[in-house]
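Have a look at query.txt; it's compact mmCIF, N, CA and C atoms:
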# COMPACT_ATOMS: atom_id res chain seq x y z
N MET J 29 -17.17 6.13 36.52
CA MET J 29 -16.55 6.87 35.47
C MET J 29 -16.04 5.89 34.41
N ALA J 30 -16.37 6.17 33.21
CA ALA J 30 -15.94 5.31 32.12
C ALA J 30 -14.48 5.58 31.81
N SER J 31 -13.74 4.51 31.60
CA SER J 31 -12.33 4.70 31.26
C SER J 31 -12.21 4.91 29.76
N SER J 32 -11.27 5.72 29.40
CA SER J 32 -11.02 5.93 27.97
C SER J 32 -9.79 5.13 27.59
N SER J 33 -9.85 4.55 26.43
CA SER J 33 -8.70 3.78 25.96
C SER J 33 -8.13 4.46 24.73
N SER J 34 -6.85 4.36 24.60
CA SER J 34 -6.17 4.94 23.47
C SER J 34 -5.85 3.82 22.47
N HIS J 35 -6.32 3.98 21.27
CA HIS J 35 -6.06 2.98 20.24
C HIS J 35 -5.08 3.55 19.23
N HIS J 36 -4.11 2.75 18.90
CA HIS J 36 -3.14 3.16 17.89
C HIS J 36 -3.28 2.22 16.69
N ILE J 37 -3.53 2.78 15.55
CA ILE J 37 -3.63 1.98 14.33
C ILE J 37 -2.23 1.51 13.95
N ARG J 38 -2.09 0.21 13.77
CA ARG J 38 -0.78 -0.36 13.43
C ARG J 38 -0.69 -0.76 11.97
N ASN J 39 -1.82 -1.14 11.39
CA ASN J 39 -1.86 -1.58 10.00
C ASN J 39 -3.05 -0.92 9.31
N ILE J 40 -2.89 -0.64 8.03
CA ILE J 40 -3.98 -0.10 7.24
C ILE J 40 -3.94 -0.74 5.87
N CYS J 41 -5.11 -1.00 5.32
CA CYS J 41 -5.21 -1.55 3.97
C CYS J 41 -5.67 -0.43 3.04
N VAL J 42 -4.93 -0.24 1.97
CA VAL J 42 -5.24 0.80 0.99
C VAL J 42 -5.43 0.14 -0.36
N PHE J 43 -6.48 0.54 -1.06
CA PHE J 43 -6.73 0.02 -2.40
C PHE J 43 -6.90 1.22 -3.33
N GLY J 44 -6.12 1.26 -4.37
CA GLY J 44 -6.20 2.36 -5.33
C GLY J 44 -5.82 1.88 -6.71
N GLY J 45 -5.77 2.80 -7.63
CA GLY J 45 -5.51 2.47 -9.02
C GLY J 45 -4.04 2.21 -9.33
N SER J 46 -3.81 1.47 -10.39
CA SER J 46 -2.44 1.23 -10.83
C SER J 46 -2.06 2.22 -11.94
N SER J 47 -2.89 3.25 -12.10
CA SER J 47 -2.52 4.37 -12.96
C SER J 47 -2.49 5.62 -12.08
N THR J 48 -1.90 6.67 -12.58
CA THR J 48 -1.76 7.89 -11.78
C THR J 48 -2.97 8.80 -11.89
N GLY J 49 -3.89 8.49 -12.77
CA GLY J 49 -5.04 9.37 -12.97
C GLY J 49 -4.67 10.54 -13.87
N LYS J 50 -5.64 11.37 -14.13
CA LYS J 50 -5.44 12.47 -15.08
C LYS J 50 -4.81 13.70 -14.44
N GLU J 51 -4.95 13.84 -13.14
CA GLU J 51 -4.46 15.03 -12.45
C GLU J 51 -3.21 14.70 -11.63
N LYS J 52 -2.22 15.55 -11.67
CA LYS J 52 -0.98 15.37 -10.92
C LYS J 52 -1.24 15.28 -9.41
N VAL J 53 -2.28 15.97 -8.95
CA VAL J 53 -2.59 16.01 -7.52
C VAL J 53 -2.94 14.62 -6.97
N PHE J 54 -3.43 13.71 -7.81
CA PHE J 54 -3.76 12.36 -7.34
C PHE J 54 -2.50 11.64 -6.87
N LEU J 55 -1.45 11.67 -7.70
CA LEU J 55 -0.21 11.00 -7.33
C LEU J 55 0.46 11.72 -6.15
N GLU J 56 0.40 13.04 -6.13
CA GLU J 56 0.95 13.78 -5.00
C GLU J 56 0.25 13.39 -3.70
N SER J 57 -1.05 13.21 -3.77
CA SER J 57 -1.82 12.82 -2.58
C SER J 57 -1.47 11.40 -2.14
N ALA J 58 -1.28 10.50 -3.09
CA ALA J 58 -0.89 9.13 -2.77
C ALA J 58 0.48 9.11 -2.09
N ASN J 59 1.41 9.89 -2.62
CA ASN J 59 2.74 9.99 -2.00
C ASN J 59 2.65 10.56 -0.59
N TYR J 60 1.84 11.59 -0.42
CA TYR J 60 1.68 12.22 0.89
C TYR J 60 1.07 11.24 1.89
N LEU J 61 0.06 10.49 1.45
CA LEU J 61 -0.54 9.48 2.33
C LEU J 61 0.52 8.49 2.80
N GLY J 62 1.35 8.02 1.88
CA GLY J 62 2.41 7.09 2.24
C GLY J 62 3.39 7.69 3.23
N GLN J 63 3.73 8.96 3.06
CA GLN J 63 4.64 9.62 3.98
C GLN J 63 4.03 9.72 5.39
N VAL J 64 2.76 10.08 5.45
CA VAL J 64 2.07 10.20 6.75
C VAL J 64 2.01 8.84 7.44
N LEU J 65 1.68 7.80 6.69
CA LEU J 65 1.63 6.46 7.27
C LEU J 65 2.99 6.07 7.84
N ALA J 66 4.05 6.33 7.09
CA ALA J 66 5.40 5.98 7.55
C ALA J 66 5.78 6.79 8.79
N GLU J 67 5.47 8.07 8.80
CA GLU J 67 5.78 8.92 9.96
C GLU J 67 5.10 8.41 11.22
N ARG J 68 3.91 7.88 11.05
CA ARG J 68 3.14 7.37 12.20
C ARG J 68 3.41 5.90 12.47
N LYS J 69 4.37 5.33 11.75
CA LYS J 69 4.77 3.93 11.91
C LYS J 69 3.60 2.97 11.67
N ILE J 70 2.76 3.33 10.72
CA ILE J 70 1.63 2.47 10.34
C ILE J 70 2.07 1.61 9.16
N HIS J 71 1.82 0.33 9.25
CA HIS J 71 2.21 -0.63 8.22
C HIS J 71 1.13 -0.69 7.15
N LEU J 72 1.55 -0.90 5.91
CA LEU J 72 0.65 -0.90 4.76
C LEU J 72 0.40 -2.30 4.25
N VAL J 73 -0.86 -2.60 4.01
CA VAL J 73 -1.28 -3.80 3.27
C VAL J 73 -1.99 -3.26 2.04
N TYR J 74 -1.61 -3.73 0.86
CA TYR J 74 -2.19 -3.16 -0.36
C TYR J 74 -2.21 -4.20 -1.47
N ARG J 75 -2.94 -3.87 -2.53
CA ARG J 75 -2.95 -4.72 -3.71
C ARG J 75 -1.66 -4.43 -4.46
N LYS J 76 -0.74 -5.35 -4.41
CA LYS J 76 0.64 -5.14 -4.87
C LYS J 76 0.73 -4.55 -6.27
N SER J 77 1.39 -3.42 -6.33
CA SER J 77 1.77 -2.80 -7.59
C SER J 77 2.71 -1.65 -7.28
N SER J 78 3.76 -1.52 -8.05
CA SER J 78 4.65 -0.37 -7.89
C SER J 78 4.27 0.72 -8.89
N LEU J 79 3.14 0.53 -9.54
CA LEU J 79 2.69 1.46 -10.56
C LEU J 79 1.58 2.37 -10.02
N GLY J 80 1.46 3.53 -10.59
CA GLY J 80 0.34 4.41 -10.33
C GLY J 80 0.18 4.84 -8.88
N LEU J 81 -1.06 5.01 -8.46
CA LEU J 81 -1.36 5.47 -7.11
C LEU J 81 -0.93 4.47 -6.05
N MET J 82 -1.11 3.18 -6.32
CA MET J 82 -0.68 2.17 -5.35
C MET J 82 0.84 2.20 -5.21
N GLY J 83 1.52 2.43 -6.30
CA GLY J 83 2.98 2.55 -6.24
C GLY J 83 3.40 3.76 -5.44
N GLY J 84 2.70 4.87 -5.62
CA GLY J 84 3.02 6.08 -4.88
C GLY J 84 2.91 5.88 -3.38
N VAL J 85 1.82 5.27 -2.94
CA VAL J 85 1.63 5.02 -1.51
C VAL J 85 2.68 4.03 -1.00
N SER J 86 2.81 2.90 -1.69
CA SER J 86 3.69 1.84 -1.19
C SER J 86 5.16 2.25 -1.16
N ILE J 87 5.62 2.97 -2.16
CA ILE J 87 7.01 3.39 -2.19
C ILE J 87 7.29 4.39 -1.07
N ALA J 88 6.36 5.33 -0.86
CA ALA J 88 6.56 6.32 0.21
C ALA J 88 6.57 5.66 1.58
N VAL J 89 5.68 4.68 1.81
CA VAL J 89 5.66 3.97 3.09
C VAL J 89 6.97 3.21 3.28
N PHE J 90 7.39 2.50 2.25
CA PHE J 90 8.62 1.70 2.31
C PHE J 90 9.85 2.58 2.55
N LEU J 91 9.96 3.65 1.80
CA LEU J 91 11.12 4.55 1.96
C LEU J 91 11.11 5.25 3.31
N GLY J 92 9.90 5.41 3.88
CA GLY J 92 9.78 6.01 5.20
C GLY J 92 10.08 5.05 6.34
N GLY J 93 10.31 3.79 6.02
CA GLY J 93 10.73 2.82 7.03
C GLY J 93 9.64 1.96 7.64
N SER J 94 8.40 2.06 7.16
CA SER J 94 7.34 1.19 7.67
C SER J 94 7.26 -0.07 6.82
N GLN J 95 6.61 -1.08 7.36
CA GLN J 95 6.48 -2.34 6.64
C GLN J 95 5.41 -2.24 5.57
N VAL J 96 5.65 -2.96 4.48
CA VAL J 96 4.73 -2.99 3.34
C VAL J 96 4.48 -4.44 2.97
N LEU J 97 3.20 -4.81 2.87
CA LEU J 97 2.81 -6.16 2.45
C LEU J 97 1.90 -6.03 1.25
N GLY J 98 2.37 -6.53 0.10
CA GLY J 98 1.59 -6.50 -1.13
C GLY J 98 0.89 -7.83 -1.35
N ILE J 99 -0.43 -7.77 -1.54
CA ILE J 99 -1.23 -8.95 -1.82
C ILE J 99 -1.45 -9.02 -3.33
N VAL J 100 -1.19 -10.19 -3.91
CA VAL J 100 -1.32 -10.33 -5.36
C VAL J 100 -1.83 -11.73 -5.70
N PRO J 101 -2.80 -11.83 -6.62
CA PRO J 101 -3.23 -13.15 -7.09
C PRO J 101 -2.07 -13.84 -7.83
N LYS J 102 -1.95 -15.14 -7.64
CA LYS J 102 -0.87 -15.90 -8.26
C LYS J 102 -0.84 -15.71 -9.77
N ALA J 103 -2.01 -15.62 -10.39
CA ALA J 103 -2.07 -15.47 -11.85
C ALA J 103 -1.42 -14.16 -12.30
N LEU J 104 -1.53 -13.11 -11.50
CA LEU J 104 -0.92 -11.83 -11.86
C LEU J 104 0.55 -11.78 -11.47
N ALA J 105 0.92 -12.50 -10.45
CA ALA J 105 2.30 -12.49 -9.98
C ALA J 105 3.25 -13.03 -11.04
N LYS J 106 2.77 -13.94 -11.85
CA LYS J 106 3.61 -14.56 -12.87
C LYS J 106 3.77 -13.67 -14.09
N ARG J 107 2.91 -12.66 -14.21
CA ARG J 107 2.96 -11.75 -15.36
C ARG J 107 3.65 -10.46 -14.92
N ASP J 108 4.31 -9.82 -15.84
CA ASP J 108 5.06 -8.60 -15.52
C ASP J 108 4.20 -7.36 -15.80
N ILE J 109 3.01 -7.29 -15.17
CA ILE J 109 2.12 -6.16 -15.42
C ILE J 109 1.88 -5.33 -14.17
N ILE J 110 2.46 -5.74 -13.04
CA ILE J 110 2.18 -5.03 -11.80
C ILE J 110 3.41 -4.30 -11.26
N GLY J 111 4.50 -4.34 -11.99
CA GLY J 111 5.69 -3.62 -11.57
C GLY J 111 6.55 -4.41 -10.61
N LYS J 112 7.45 -3.71 -9.96
CA LYS J 112 8.42 -4.32 -9.06
C LYS J 112 7.81 -4.60 -7.69
N ILE J 113 8.45 -5.48 -6.94
CA ILE J 113 8.02 -5.80 -5.59
C ILE J 113 8.47 -4.69 -4.65
N ILE J 114 7.55 -4.15 -3.90
CA ILE J 114 7.83 -3.17 -2.85
C ILE J 114 7.51 -3.87 -1.53
N GLY J 115 8.48 -4.07 -0.69
CA GLY J 115 8.24 -4.75 0.59
C GLY J 115 8.04 -6.24 0.40
N GLU J 116 7.22 -6.82 1.27
CA GLU J 116 6.94 -8.26 1.21
C GLU J 116 5.77 -8.53 0.28
N GLU J 117 5.70 -9.76 -0.21
CA GLU J 117 4.63 -10.16 -1.12
C GLU J 117 3.93 -11.41 -0.58
N LEU J 118 2.61 -11.40 -0.66
CA LEU J 118 1.80 -12.57 -0.32
C LEU J 118 0.97 -12.92 -1.54
N GLN J 119 1.20 -14.11 -2.09
CA GLN J 119 0.43 -14.55 -3.24
C GLN J 119 -0.77 -15.34 -2.76
N VAL J 120 -1.94 -15.04 -3.35
CA VAL J 120 -3.19 -15.71 -3.02
C VAL J 120 -3.79 -16.27 -4.29
N SER J 121 -4.70 -17.23 -4.16
CA SER J 121 -5.30 -17.79 -5.37
C SER J 121 -6.26 -16.80 -6.03
N THR J 122 -7.01 -16.05 -5.24
CA THR J 122 -7.87 -14.99 -5.76
C THR J 122 -7.90 -13.85 -4.75
N MET J 123 -8.38 -12.70 -5.16
CA MET J 123 -8.45 -11.56 -4.25
C MET J 123 -9.61 -11.71 -3.26
N SER J 124 -10.43 -12.72 -3.43
CA SER J 124 -11.52 -12.94 -2.47
C SER J 124 -11.13 -13.94 -1.39
N ASP J 125 -9.86 -14.41 -1.38
CA ASP J 125 -9.37 -15.34 -0.34
C ASP J 125 -9.33 -14.66 1.00
Before we go any further, please render this structure as structure tokens.
Amino acid sequence: MASSSSHHIRNICVFGGSSTGKEKVFLESANYLGQVLAERKIHLVYRKSSLGLMGGVSIAVFLGGSQVLGIVPKALAKRDIIGKIIGEELQVSTMSD
């Protein structure tokens, strides 16, 4: 008899836009995704931005009590175009690192 194993996702990487899109439902969905991740104690890794859809997901995860790790290229980290830091930040030389 084959044994079944139970896997629990602990971390998830989400990539989305830094704008909210044209429809309100996009941001609502991003917020809902963040809430679900936090409820399930799933940690978020994302392309750091507190703006738009990425901001919606990251803020909801953070406020829900799960860990948030934002990845950002050093060149963008020095510029004020990605918004505030949500959770922890990891600066990389490029996004292909």
*What does the distance between CA of Gly80 (chain J) and atom C of Phe54 (chain J) come to in Å, to one decimal place?*
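So the two atoms, CA of Gly80 (chain J) and atom C of Phe54 (chain J), lie 8.5 Å apart.
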*Give me every alpha helix (DSSP H) residue in chain J, going by DSSP on the backbone, as JSON, numbers by chain.*
{"J": [52, 53, 54, 55, 56, 57, 58, 59, 60, 61, 62, 63, 64, 65, 66, 67, 80, 81, 82, 83, 84, 85, 86, 87, 88, 89, 90, 91, 102, 103, 104, 105]}
_Distance cut-off 8 Å, centre (-8.0, -3.0, 1.8) in file coordinates, counting all atoms listed in the file: which residues qualify? Return them as number ranges by chain._
J: 40-44, 73-75
*If you run DSSP over the backbone, which residues in chain J end up strand (DSSP E or B)? Put them as a PyMOL selection string.*
chain J and resi 39-42+71-75+96-101+116-120
*Which residues, protein or nucleic acid, reach to within 12 Å of (2.9, 6.7, 6.8) in the file's coordinates when using only C-alpha atoms, and can you give that as a ChimeraX atom specification?*
/J:37-42,58-73,84-96
With region 118-122 of chain J as the partner and 12 Å as the cut-off, tabulate the residues of region 48-114 of chain J that qualify, each row holding the nearest pair of atoms and their distance in Å to one decimal, using only C-alpha atoms, sorted by chain and rising number, as a Markdown table.
| residue | atom | partner | partner_atom | distance |
| --- | --- | --- | --- | --- |
| J:Val73 | CA | J:Leu118 | CA | 10.0 |
| J:Tyr74 | CA | J:Leu118 | CA | 10.2 |
| J:Arg75 | CA | J:Leu118 | CA | 9.8 |
| J:Lys76 | CA | J:Leu118 | CA | 8.8 |
| J:Val96 | CA | J:Leu118 | CA | 10.7 |
| J:Leu97 | CA | J:Leu118 | CA | 7.1 |
| J:Gly98 | CA | J:Leu118 | CA | 6.1 |
| J:Ile99 | CA | J:Leu118 | CA | 5.0 |
| J:Val100 | CA | J:Gln119 | CA | 5.0 |
| J:Pro101 | CA | J:Val120 | CA | 4.8 |
| J:Lys102 | CA | J:Gln119 | CA | 5.4 |
| J:Ala103 | CA | J:Ser121 | CA | 7.6 |
| J:Leu104 | CA | J:Gln119 | CA | 9.1 |
| J:Ala105 | CA | J:Gln119 | CA | 7.3 |
| J:Lys106 | CA | J:Gln119 | CA | 10.1 |
| J:Ile113 | CA | J:Leu118 | CA | 10.6 |
| J:Ile114 | CA | J:Leu118 | CA | 11.5 |
Those same residues, written as a CSV table (one decimal), keeping the file's coordinate frame with N, CA and C atoms?
chain,number,residue,atom,x,y,z
J,73,VAL,N,-0.9,-2.6,4.0
J,73,VAL,CA,-1.3,-3.8,3.3
J,73,VAL,C,-2.0,-3.3,2.0
J,74,TYR,N,-1.6,-3.7,0.9
J,74,TYR,CA,-2.2,-3.2,-0.4
J,74,TYR,C,-2.2,-4.2,-1.5
J,75,ARG,N,-2.9,-3.9,-2.5
J,75,ARG,CA,-3.0,-4.7,-3.7
J,75,ARG,C,-1.7,-4.4,-4.5
J,76,LYS,N,-0.7,-5.4,-4.4
J,76,LYS,CA,0.6,-5.1,-4.9
J,76,LYS,C,0.7,-4.6,-6.3
J,96,VAL,N,5.6,-3.0,4.5
J,96,VAL,CA,4.7,-3.0,3.3
J,96,VAL,C,4.5,-4.4,3.0
J,97,LEU,N,3.2,-4.8,2.9
J,97,LEU,CA,2.8,-6.2,2.4
J,97,LEU,C,1.9,-6.0,1.2
J,98,GLY,N,2.4,-6.5,0.1
J,98,GLY,CA,1.6,-6.5,-1.1
J,98,GLY,C,0.9,-7.8,-1.4
J,99,ILE,N,-0.4,-7.8,-1.5
J,99,ILE,CA,-1.2,-9.0,-1.8
J,99,ILE,C,-1.4,-9.0,-3.3
J,100,VAL,N,-1.2,-10.2,-3.9
J,100,VAL,CA,-1.3,-10.3,-5.4
J,100,VAL,C,-1.8,-11.7,-5.7
J,101,PRO,N,-2.8,-11.8,-6.6
J,101,PRO,CA,-3.2,-13.2,-7.1
J,101,PRO,C,-2.1,-13.8,-7.8
J,102,LYS,N,-2.0,-15.1,-7.6
J,102,LYS,CA,-0.9,-15.9,-8.3
J,102,LYS,C,-0.8,-15.7,-9.8
J,103,ALA,N,-2.0,-15.6,-10.4
J,103,ALA,CA,-2.1,-15.5,-11.8
J,103,ALA,C,-1.4,-14.2,-12.3
J,104,LEU,N,-1.5,-13.1,-11.5
J,104,LEU,CA,-0.9,-11.8,-11.9
J,104,LEU,C,0.6,-11.8,-11.5
J,105,ALA,N,0.9,-12.5,-10.4
J,105,ALA,CA,2.3,-12.5,-10.0
J,105,ALA,C,3.2,-13.0,-11.0
J,106,LYS,N,2.8,-13.9,-11.8
J,106,LYS,CA,3.6,-14.6,-12.9
J,106,LYS,C,3.8,-13.7,-14.1
J,113,ILE,N,8.4,-5.5,-6.9
J,113,ILE,CA,8.0,-5.8,-5.6
J,113,ILE,C,8.5,-4.7,-4.6
J,114,ILE,N,7.6,-4.2,-3.9
J,114,ILE,CA,7.8,-3.2,-2.8
J,114,ILE,C,7.5,-3.9,-1.5
May I have the centre and edge lengths, in Å to one decimal, of an axis-aligned box around the listed atoms of region 54-67 of chain J with 4 Å added to every side, as lines of an AutoDock Vina configuration file?
center_x = 1.0
center_y = 9.9
center_z = 1.7
size_x = 17.5
size_y = 15.8
size_z = 27.0
*Between CA of Thr48 (chain J) and CA of Lys112 (chain J), distance in Å (one decimal)*: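 We find that CA of Thr48 (chain J) and CA of Lys112 (chain J) lie 16.1 Å from each other.
Note that CA of Gly49 (chain J) and atom C of Glu117 (chain J) are 25.8 Å apart.
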How would region 85-110 of chain J look with N, CA, C and O atoms restored, written as a short mmCIF file (atom, residue, chain, number, x, y, z; two decimals), in the frame of the given file?
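That gives us rebuild-v6.cif:
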data_model
loop_
_atom_site.label_atom_id
_atom_site.label_comp_id
_atom_site.auth_asym_id
_atom_site.auth_seq_id
_atom_site.Cartn_x
_atom_site.Cartn_y
_atom_site.Cartn_z
N VAL J 85 1.82 5.27 -2.94
CA VAL J 85 1.63 5.02 -1.51
C VAL J 85 2.68 4.03 -1.00
O VAL J 85 3.34 4.28 0.01
N SER J 86 2.81 2.90 -1.69
CA SER J 86 3.69 1.84 -1.19
C SER J 86 5.16 2.25 -1.16
O SER J 86 5.87 1.94 -0.20
N ILE J 87 5.62 2.97 -2.16
CA ILE J 87 7.01 3.39 -2.19
C ILE J 87 7.29 4.39 -1.07
O ILE J 87 8.31 4.30 -0.38
N ALA J 88 6.36 5.33 -0.86
CA ALA J 88 6.56 6.32 0.21
C ALA J 88 6.57 5.66 1.58
O ALA J 88 7.38 6.01 2.44
N VAL J 89 5.68 4.68 1.81
CA VAL J 89 5.66 3.97 3.09
C VAL J 89 6.97 3.21 3.28
O VAL J 89 7.61 3.28 4.33
N PHE J 90 7.39 2.50 2.25
CA PHE J 90 8.62 1.70 2.31
C PHE J 90 9.85 2.58 2.55
O PHE J 90 10.66 2.29 3.43
N LEU J 91 9.96 3.65 1.80
CA LEU J 91 11.12 4.55 1.96
C LEU J 91 11.11 5.25 3.31
O LEU J 91 12.16 5.60 3.84
N GLY J 92 9.90 5.41 3.88
CA GLY J 92 9.78 6.01 5.20
C GLY J 92 10.08 5.05 6.34
O GLY J 92 10.10 5.45 7.50
N GLY J 93 10.31 3.79 6.02
CA GLY J 93 10.73 2.82 7.03
C GLY J 93 9.64 1.96 7.64
O GLY J 93 9.92 1.17 8.54
N SER J 94 8.40 2.06 7.16
CA SER J 94 7.34 1.19 7.67
C SER J 94 7.26 -0.07 6.82
O SER J 94 7.75 -0.11 5.69
N GLN J 95 6.61 -1.08 7.36
CA GLN J 95 6.48 -2.34 6.64
C GLN J 95 5.41 -2.24 5.57
O GLN J 95 4.40 -1.55 5.73
N VAL J 96 5.65 -2.96 4.48
CA VAL J 96 4.73 -2.99 3.34
C VAL J 96 4.48 -4.44 2.97
O VAL J 96 5.42 -5.22 2.79
N LEU J 97 3.20 -4.81 2.87
CA LEU J 97 2.81 -6.16 2.45
C LEU J 97 1.90 -6.03 1.25
O LEU J 97 0.80 -5.48 1.34
N GLY J 98 2.37 -6.53 0.10
CA GLY J 98 1.59 -6.50 -1.13
C GLY J 98 0.89 -7.83 -1.35
O GLY J 98 1.51 -8.88 -1.33
N ILE J 99 -0.43 -7.77 -1.54
CA ILE J 99 -1.23 -8.95 -1.82
C ILE J 99 -1.45 -9.02 -3.33
O ILE J 99 -1.84 -8.03 -3.95
N VAL J 100 -1.19 -10.19 -3.91
CA VAL J 100 -1.32 -10.33 -5.36
C VAL J 100 -1.83 -11.73 -5.70
O VAL J 100 -1.38 -12.72 -5.12
N PRO J 101 -2.80 -11.83 -6.62
CA PRO J 101 -3.23 -13.15 -7.09
C PRO J 101 -2.07 -13.84 -7.83
O PRO J 101 -1.31 -13.19 -8.54
N LYS J 102 -1.95 -15.14 -7.64
CA LYS J 102 -0.87 -15.90 -8.26
C LYS J 102 -0.84 -15.71 -9.77
O LYS J 102 0.23 -15.62 -10.37
N ALA J 103 -2.01 -15.62 -10.39
CA ALA J 103 -2.07 -15.47 -11.85
C ALA J 103 -1.42 -14.16 -12.30
O ALA J 103 -0.81 -14.10 -13.37
N LEU J 104 -1.53 -13.11 -11.50
CA LEU J 104 -0.92 -11.83 -11.86
C LEU J 104 0.55 -11.78 -11.47
O LEU J 104 1.33 -11.06 -12.10
N ALA J 105 0.92 -12.50 -10.45
CA ALA J 105 2.30 -12.49 -9.98
C ALA J 105 3.25 -13.03 -11.04
O ALA J 105 4.41 -12.62 -11.11
N LYS J 106 2.77 -13.94 -11.85
CA LYS J 106 3.61 -14.56 -12.87
C LYS J 106 3.77 -13.67 -14.09
O LYS J 106 4.64 -13.89 -14.91
N ARG J 107 2.91 -12.66 -14.21
CA ARG J 107 2.96 -11.75 -15.36
C ARG J 107 3.65 -10.46 -14.92
O ARG J 107 3.58 -10.06 -13.78
N ASP J 108 4.31 -9.82 -15.84
CA ASP J 108 5.06 -8.60 -15.52
C ASP J 108 4.20 -7.36 -15.80
O ASP J 108 4.58 -6.50 -16.56
N ILE J 109 3.01 -7.29 -15.17
CA ILE J 109 2.12 -6.16 -15.42
C ILE J 109 1.88 -5.33 -14.17
O ILE J 109 1.18 -4.33 -14.22
N ILE J 110 2.46 -5.74 -13.04
CA ILE J 110 2.18 -5.03 -11.80
C ILE J 110 3.41 -4.30 -11.26
O ILE J 110 3.36 -3.71 -10.20
#
